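Below is one structure, written out as C-alpha cells, with a few remarks after it.
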Amino acid sequence: MDNSLKRDWQPDVITPSDNITGTTQIIGHQLMRLTQSLRRWFIALLIGIATLVFSSGYQPAPATSSPPREIRGVWLTNVDSPVLFQGERLQQAVNDLAAHHFNTMYPVVWNWGYTTYPSTVAKRTIGSAVDPRPDSLQNRDMLTELVQAAHTRQIAVMPWFEFGFMAPEDSALAMRHPDWLTQKRDGSKVWQEGIYPRVWLNPLRPEVQQFIHDLLLEIVSRYDIDGIQLDDHFGLPAEFGYDRFTTALYQQEHNDRKPPSNPQDREWIRWRADKITAFTQQLFRDIKAQKSEVIFGLSPNNYRFSLNHSLQDWRRWERAGYVEELVLQVYRDSDRAFRHELRHPEVQAARRHIPVAVGILSGLRNKPVSMAQIQQQVNTVRQEKFAGVAFFFYETLWNLTPESQQQRQAGLKQLFPAAVDRVNLSI
C-alpha cells in the first residue's frame, strides 16, 4: 500500500457525549475500547503487509517521477524525397517533426557514391565535393542547415552513412578506383540490388579503410552532430572477397592455402568478418578521440542475416563496446514476425547494455503502410520495453501515402502526445 495512505488513514473514534447518561456512557466507553483495539489490530495488519511487500523487492514510486525517455527518430533520404534539396523545405520538415514530438533525425550523408554535404575528402577522392546530380545541393551546406534548425527545436542529429562500402557500378568512385573493388569467385563485380547494379569497395583494403575513415572523421570534426549512424551496408555480401588483394592476404595468414570455394564456409565468413570488426574498432576509437560525446550508432538487420549475408558481426561489436546505440531494422508486416525479431537472444542481450530502438517501415513509394499498422508496431515496441522507434522514411510519414496527411498526423499525435527526451547510453 502507498505510504501516504498508511499515514493519512485514521479509524473513526466514537467518544461519549456529556449529555449521555449511565448506561449509554458505559456502552460508549465499550465501543471506544473496541474501536481502539480494532485500530491497533488494523495498524499491525498494515505493518505486516508493508513488511511482506517491501521484503519482496517492491519499492514505492517517488513522489515526483522523471518523464519517460524514448528515441523517436526518422530517416531522411534523398531517394523518393526532395526534403534535403531545399533549405525552406528542410526547415519546414524540422518544424513539422518537432510539432509531432520527434527528437532524433538520421539524415543521409553518404549514398550513391557521393556525399550530400560539401566534403573535401570526397572532392579529393571522387572529384566532386557534393552529389552533383541535384543542383539544389550546390553552393549550400545541407548538413549545417539541418543541425542548426534541429538543435533549435531540441532534435538530435545523427548523420546516416547509408551506402557504407557499396557504390553504383557507374559511379565516379568506382570508375576512378577500380582496384578498390572486390569480386565474387567467378570474377564478377556486380551485385544486383533491385534494378540497380552495385559494386563493393573492399573493406579489407587499407586505401578503402582510409577513405571511409576520413569521411566519417570529417563529419565528426566539422559538424556539431550528436552521433553518427552506420547501417547494414557497412559490411560485405558473403559472395565477395575473392579479389587478388584479399586472396593474397588470406593465403599469407593460412600457410598459402587459398580461400574456400564455398562463400558460406564458416571459417571464411569468420575471417572476413573479423577483419571488418577490427576496422570498426579502430574507427570507433578514432571518432571517440576526436569528439567523445558523439554517439557511435548502428542500424543493422537481424544478427544471423547480418553475419552470414553481410559479414557484419554486430553482436561482437556491441559486446566489445563499439556500438552505443542500436536501431534494429524490423520491416515486417505481420505482428507475429515483428515480435519474433524483437525476441532474438542477441537483441535481448544488447538492450541490457545499450539503448536498442526498433526501425519501423512507415512505407515505400510502391508499398504503403497503414497508420493502423504503424501504431500497432509502436505499441508493441513499448510493450516489449525497447528504447524507442525510428521510421523509414520521412516522406512516408504523411506525404507519400494514400492516407490523407491529416489522418497520418493525427495518428502520430496519438502515439506521441507530448515531447520527451531521447534515451542515451548514460541513462
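If you're wondering about the labels, chains in the C-alpha cells are A, B, ... by order shown, residues count from 1 in each chain, ligands from 1 in order shown.
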| All strand (DSSP E) positions in region 43-229 of chain A, as a ChimeraX atom specification | /A:71-76,104-107,110-111,114-115,156-157,160-161,166-168,191-193,196-200,227-229
- Message: Quick one: residues within 12 Å of Glu162 (chain A), only C-alpha atoms, excluding same-chain residues fewer than 3 positions away - as an MDAnalysis selection string?
- Response: chainID A and resid 75:79 106:116 158:159 165:167 216 228:235 298:300
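In terms of minimum interatomic distance to Trp271 (chain A), A:Leu311 ranks closest within A:Ser306, A:Leu328, A:Gln290, A:Leu311, counting only C-alpha atoms.
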| message | Excluding region 90-104 of chain A and its own-chain neighbours fewer than 5 positions away, which residues fall within 8 Å of it when counting only C-alpha atoms? Please give them as a ChimeraX atom specification. | response | /A:71-74,83-85,146,149-150,153-158,409,412-413,416-422
Limited to N, CA and C atoms, could you put the picked residues into a file as a PDB file, in the first residue's frame?
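Wrote it out as again_39.pdb, contents follow:
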ATOM      1  N   ILE A  71      13.503   7.178 -27.750  1.00  0.00           N
ATOM      2  CA  ILE A  71      14.001   7.593 -29.055  1.00  0.00           C
ATOM      3  C   ILE A  71      12.817   7.650 -30.013  1.00  0.00           C
ATOM      4  N   ARG A  72      12.628   8.799 -30.640  1.00  0.00           N
ATOM      5  CA  ARG A  72      11.585   8.975 -31.660  1.00  0.00           C
ATOM      6  C   ARG A  72      12.281   9.525 -32.895  1.00  0.00           C
ATOM      7  N   GLY A  73      12.723   8.627 -33.753  1.00  0.00           N
ATOM      8  CA  GLY A  73      13.572   9.020 -34.858  1.00  0.00           C
ATOM      9  C   GLY A  73      12.941   8.824 -36.222  1.00  0.00           C
ATOM     10  N   VAL A  74      13.591   9.424 -37.221  1.00  0.00           N
ATOM     11  CA  VAL A  74      13.156   9.257 -38.603  1.00  0.00           C
ATOM     12  C   VAL A  74      14.366   9.416 -39.508  1.00  0.00           C
ATOM     13  N   VAL A  83      13.279  16.377 -49.577  1.00  0.00           N
ATOM     14  CA  VAL A  83      13.373  17.135 -48.333  1.00  0.00           C
ATOM     15  C   VAL A  83      14.749  17.764 -48.118  1.00  0.00           C
ATOM     16  N   LEU A  84      15.813  17.147 -48.608  1.00  0.00           N
ATOM     17  CA  LEU A  84      17.156  17.674 -48.393  1.00  0.00           C
ATOM     18  C   LEU A  84      17.561  18.714 -49.427  1.00  0.00           C
ATOM     19  N   PHE A  85      16.765  18.876 -50.453  1.00  0.00           N
ATOM     20  CA  PHE A  85      17.208  19.637 -51.616  1.00  0.00           C
ATOM     21  C   PHE A  85      16.896  21.132 -51.553  1.00  0.00           C
ATOM     22  N   LEU A 146      20.681  21.777 -41.417  1.00  0.00           N
ATOM     23  CA  LEU A 146      19.857  20.838 -40.660  1.00  0.00           C
ATOM     24  C   LEU A 146      20.229  20.828 -39.186  1.00  0.00           C
ATOM     25  N   ALA A 149      18.901  24.026 -37.516  1.00  0.00           N
ATOM     26  CA  ALA A 149      17.446  24.026 -37.390  1.00  0.00           C
ATOM     27  C   ALA A 149      16.975  23.002 -36.356  1.00  0.00           C
ATOM     28  N   ALA A 150      17.556  21.813 -36.393  1.00  0.00           N
ATOM     29  CA  ALA A 150      17.128  20.744 -35.484  1.00  0.00           C
ATOM     30  C   ALA A 150      17.477  21.065 -34.038  1.00  0.00           C
ATOM     31  N   ARG A 153      15.204  23.248 -32.221  1.00  0.00           N
ATOM     32  CA  ARG A 153      13.954  22.589 -31.799  1.00  0.00           C
ATOM     33  C   ARG A 153      14.221  21.383 -30.902  1.00  0.00           C
ATOM     34  N   GLN A 154      15.420  21.292 -30.335  1.00  0.00           N
ATOM     35  CA  GLN A 154      15.799  20.202 -29.415  1.00  0.00           C
ATOM     36  C   GLN A 154      15.686  18.814 -30.054  1.00  0.00           C
ATOM     37  N   ILE A 155      16.081  18.722 -31.319  1.00  0.00           N
ATOM     38  CA  ILE A 155      16.099  17.445 -32.024  1.00  0.00           C
ATOM     39  C   ILE A 155      17.549  17.043 -32.275  1.00  0.00           C
ATOM     40  N   ALA A 156      17.911  15.834 -31.911  1.00  0.00           N
ATOM     41  CA  ALA A 156      19.260  15.336 -32.128  1.00  0.00           C
ATOM     42  C   ALA A 156      19.467  14.991 -33.601  1.00  0.00           C
ATOM     43  N   VAL A 157      20.698  15.181 -34.082  1.00  0.00           N
ATOM     44  CA  VAL A 157      21.038  14.873 -35.470  1.00  0.00           C
ATOM     45  C   VAL A 157      22.158  13.849 -35.484  1.00  0.00           C
ATOM     46  N   MET A 158      21.893  12.708 -36.123  1.00  0.00           N
ATOM     47  CA  MET A 158      22.878  11.641 -36.257  1.00  0.00           C
ATOM     48  C   MET A 158      23.023  11.296 -37.736  1.00  0.00           C
ATOM     49  N   GLN A 409      -0.999  12.474 -39.556  1.00  0.00           N
ATOM     50  CA  GLN A 409      -0.514  13.326 -38.484  1.00  0.00           C
ATOM     51  C   GLN A 409      -1.322  13.137 -37.203  1.00  0.00           C
ATOM     52  N   LEU A 412      -0.008  10.007 -35.549  1.00  0.00           N
ATOM     53  CA  LEU A 412       1.276  10.216 -34.876  1.00  0.00           C
ATOM     54  C   LEU A 412       1.103  11.004 -33.584  1.00  0.00           C
ATOM     55  N   LYS A 413       0.160  11.928 -33.566  1.00  0.00           N
ATOM     56  CA  LYS A 413      -0.091  12.681 -32.342  1.00  0.00           C
ATOM     57  C   LYS A 413      -0.652  11.783 -31.246  1.00  0.00           C
ATOM     58  N   PHE A 416       2.526  10.085 -29.991  1.00  0.00           N
ATOM     59  CA  PHE A 416       3.470  10.990 -29.342  1.00  0.00           C
ATOM     60  C   PHE A 416       2.744  12.254 -28.889  1.00  0.00           C
ATOM     61  N   PRO A 417       1.925  12.174 -27.851  1.00  0.00           N
ATOM     62  CA  PRO A 417       1.110  13.329 -27.451  1.00  0.00           C
ATOM     63  C   PRO A 417       1.904  14.457 -26.800  1.00  0.00           C
ATOM     64  N   ALA A 418       3.107  14.143 -26.311  1.00  0.00           N
ATOM     65  CA  ALA A 418       3.916  15.166 -25.640  1.00  0.00           C
ATOM     66  C   ALA A 418       5.386  14.929 -25.951  1.00  0.00           C
ATOM     67  N   ALA A 419       6.161  15.980 -25.818  1.00  0.00           N
ATOM     68  CA  ALA A 419       7.601  15.874 -26.071  1.00  0.00           C
ATOM     69  C   ALA A 419       8.298  15.131 -24.933  1.00  0.00           C
ATOM     70  N   VAL A 420       9.306  14.326 -25.285  1.00  0.00           N
ATOM     71  CA  VAL A 420      10.129  13.636 -24.290  1.00  0.00           C
ATOM     72  C   VAL A 420      11.580  13.708 -24.735  1.00  0.00           C
ATOM     73  N   ASP A 421      12.506  13.573 -23.784  1.00  0.00           N
ATOM     74  CA  ASP A 421      13.918  13.484 -24.110  1.00  0.00           C
ATOM     75  C   ASP A 421      14.217  12.108 -24.687  1.00  0.00           C
ATOM     76  N   ARG A 422      15.269  12.027 -25.492  1.00  0.00           N
ATOM     77  CA  ARG A 422      15.656  10.735 -26.059  1.00  0.00           C
ATOM     78  C   ARG A 422      16.471   9.938 -25.031  1.00  0.00           C
TER      79      ARG A 422
END
In terms of only C-alpha atoms, the residue from A:Ile195, A:Arg266, A:Ser310, A:Leu249 at minimal distance from Leu236 (chain A) is A:Ser310
Write down as a PyMOL selection string the residues of region 187-326 of chain A whose backbone DSSP state falls under helix (DSSP H, G or I). chain A and resi 206-222+244-253+266-290+303-310+314-320
Could you write out the selected residues, including C-alpha atoms, as a tab-separated table (two decimals), in the first residue's frame?
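File produced: again-v7.tsv:
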chain	number	residue	atom	x	y	z
A	206	PRO	CA	43.89	-0.06	-46.48
A	207	GLU	CA	43.06	2.63	-49.08
A	208	VAL	CA	39.35	1.91	-48.76
A	209	GLN	CA	39.51	1.95	-44.98
A	210	GLN	CA	41.34	5.26	-45.06
A	211	PHE	CA	38.72	6.80	-47.35
A	212	ILE	CA	35.79	5.70	-45.20
A	213	HIS	CA	37.66	6.69	-42.05
A	214	ASP	CA	38.38	10.17	-43.40
A	215	LEU	CA	34.77	10.74	-44.48
A	216	LEU	CA	33.42	9.89	-41.05
A	217	LEU	CA	36.05	11.84	-39.14
A	218	GLU	CA	35.43	14.82	-41.40
A	219	ILE	CA	31.75	14.86	-40.39
A	220	VAL	CA	32.54	14.38	-36.70
A	221	SER	CA	35.16	17.12	-36.61
A	222	ARG	CA	33.33	19.73	-38.72
A	244	ARG	CA	43.53	-10.61	-55.70
A	245	PHE	CA	44.29	-8.49	-52.63
A	246	THR	CA	42.01	-10.42	-50.25
A	247	THR	CA	43.08	-13.80	-51.60
A	248	ALA	CA	46.77	-12.95	-51.10
A	249	LEU	CA	46.10	-11.72	-47.55
A	250	TYR	CA	44.21	-14.90	-46.72
A	251	GLN	CA	46.99	-17.08	-48.12
A	252	GLN	CA	49.56	-15.12	-46.14
A	253	GLU	CA	47.72	-15.93	-42.92
A	266	ARG	CA	32.27	-20.89	-41.52
A	267	GLU	CA	35.95	-20.10	-41.13
A	268	TRP	CA	35.97	-17.99	-44.30
A	269	ILE	CA	32.99	-15.99	-43.02
A	270	ARG	CA	34.62	-15.57	-39.62
A	271	TRP	CA	37.98	-14.45	-41.05
A	272	ARG	CA	36.45	-11.72	-43.21
A	273	ALA	CA	34.00	-10.63	-40.51
A	274	ASP	CA	36.87	-10.30	-38.02
A	275	LYS	CA	38.75	-8.03	-40.41
A	276	ILE	CA	35.72	-5.75	-40.65
A	277	THR	CA	35.36	-5.86	-36.88
A	278	ALA	CA	38.98	-4.75	-36.45
A	279	PHE	CA	38.36	-1.76	-38.72
A	280	THR	CA	35.16	-0.89	-36.83
A	281	GLN	CA	37.11	-0.94	-33.58
A	282	GLN	CA	39.71	1.49	-34.93
A	283	LEU	CA	37.02	3.72	-36.36
A	284	PHE	CA	35.19	3.82	-33.04
A	285	ARG	CA	38.35	4.73	-31.14
A	286	ASP	CA	39.31	7.50	-33.56
A	287	ILE	CA	35.83	9.04	-33.51
A	288	LYS	CA	35.80	8.99	-29.72
A	289	ALA	CA	39.27	10.52	-29.61
A	290	GLN	CA	38.07	13.30	-31.89
A	303	TYR	CA	22.04	-10.83	-36.42
A	304	ARG	CA	22.01	-14.13	-38.29
A	305	PHE	CA	21.41	-12.41	-41.61
A	306	SER	CA	23.93	-9.67	-40.82
A	307	LEU	CA	26.74	-12.10	-40.10
A	308	ASN	CA	26.07	-14.75	-42.74
A	309	HIS	CA	24.97	-12.43	-45.53
A	310	SER	CA	26.84	-9.17	-44.81
A	314	TRP	CA	27.31	-6.58	-34.76
A	315	ARG	CA	26.83	-8.76	-31.69
A	316	ARG	CA	30.58	-8.80	-31.20
A	317	TRP	CA	30.76	-5.04	-31.82
A	318	GLU	CA	28.10	-4.40	-29.23
A	319	ARG	CA	29.65	-6.72	-26.65
A	320	ALA	CA	33.05	-5.09	-27.14
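Residue nearest Thr396 (chain A) within the list A:Glu384, A:Gly411, A:Arg365, A:Leu181: A:Arg365 [criterion: smallest interatomic distance, only C-alpha atoms].
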TODO: Would you list the contacts of region 332-342 of chain A as a PyMOL selection string, taking every protein, DNA or RNA residue within 10 Å and counting only C-alpha atoms, but skipping same-chain residues closer than 4 positions in sequence?
DONE: chain A and resi 301-303+328+346-348+357-358+360-361+369+373-374+376-377+380-381+384+386
Expressed in Å, the length from CA of Ser119 (chain A) to CA of Tyr223 (chain A) is 11.7 Å
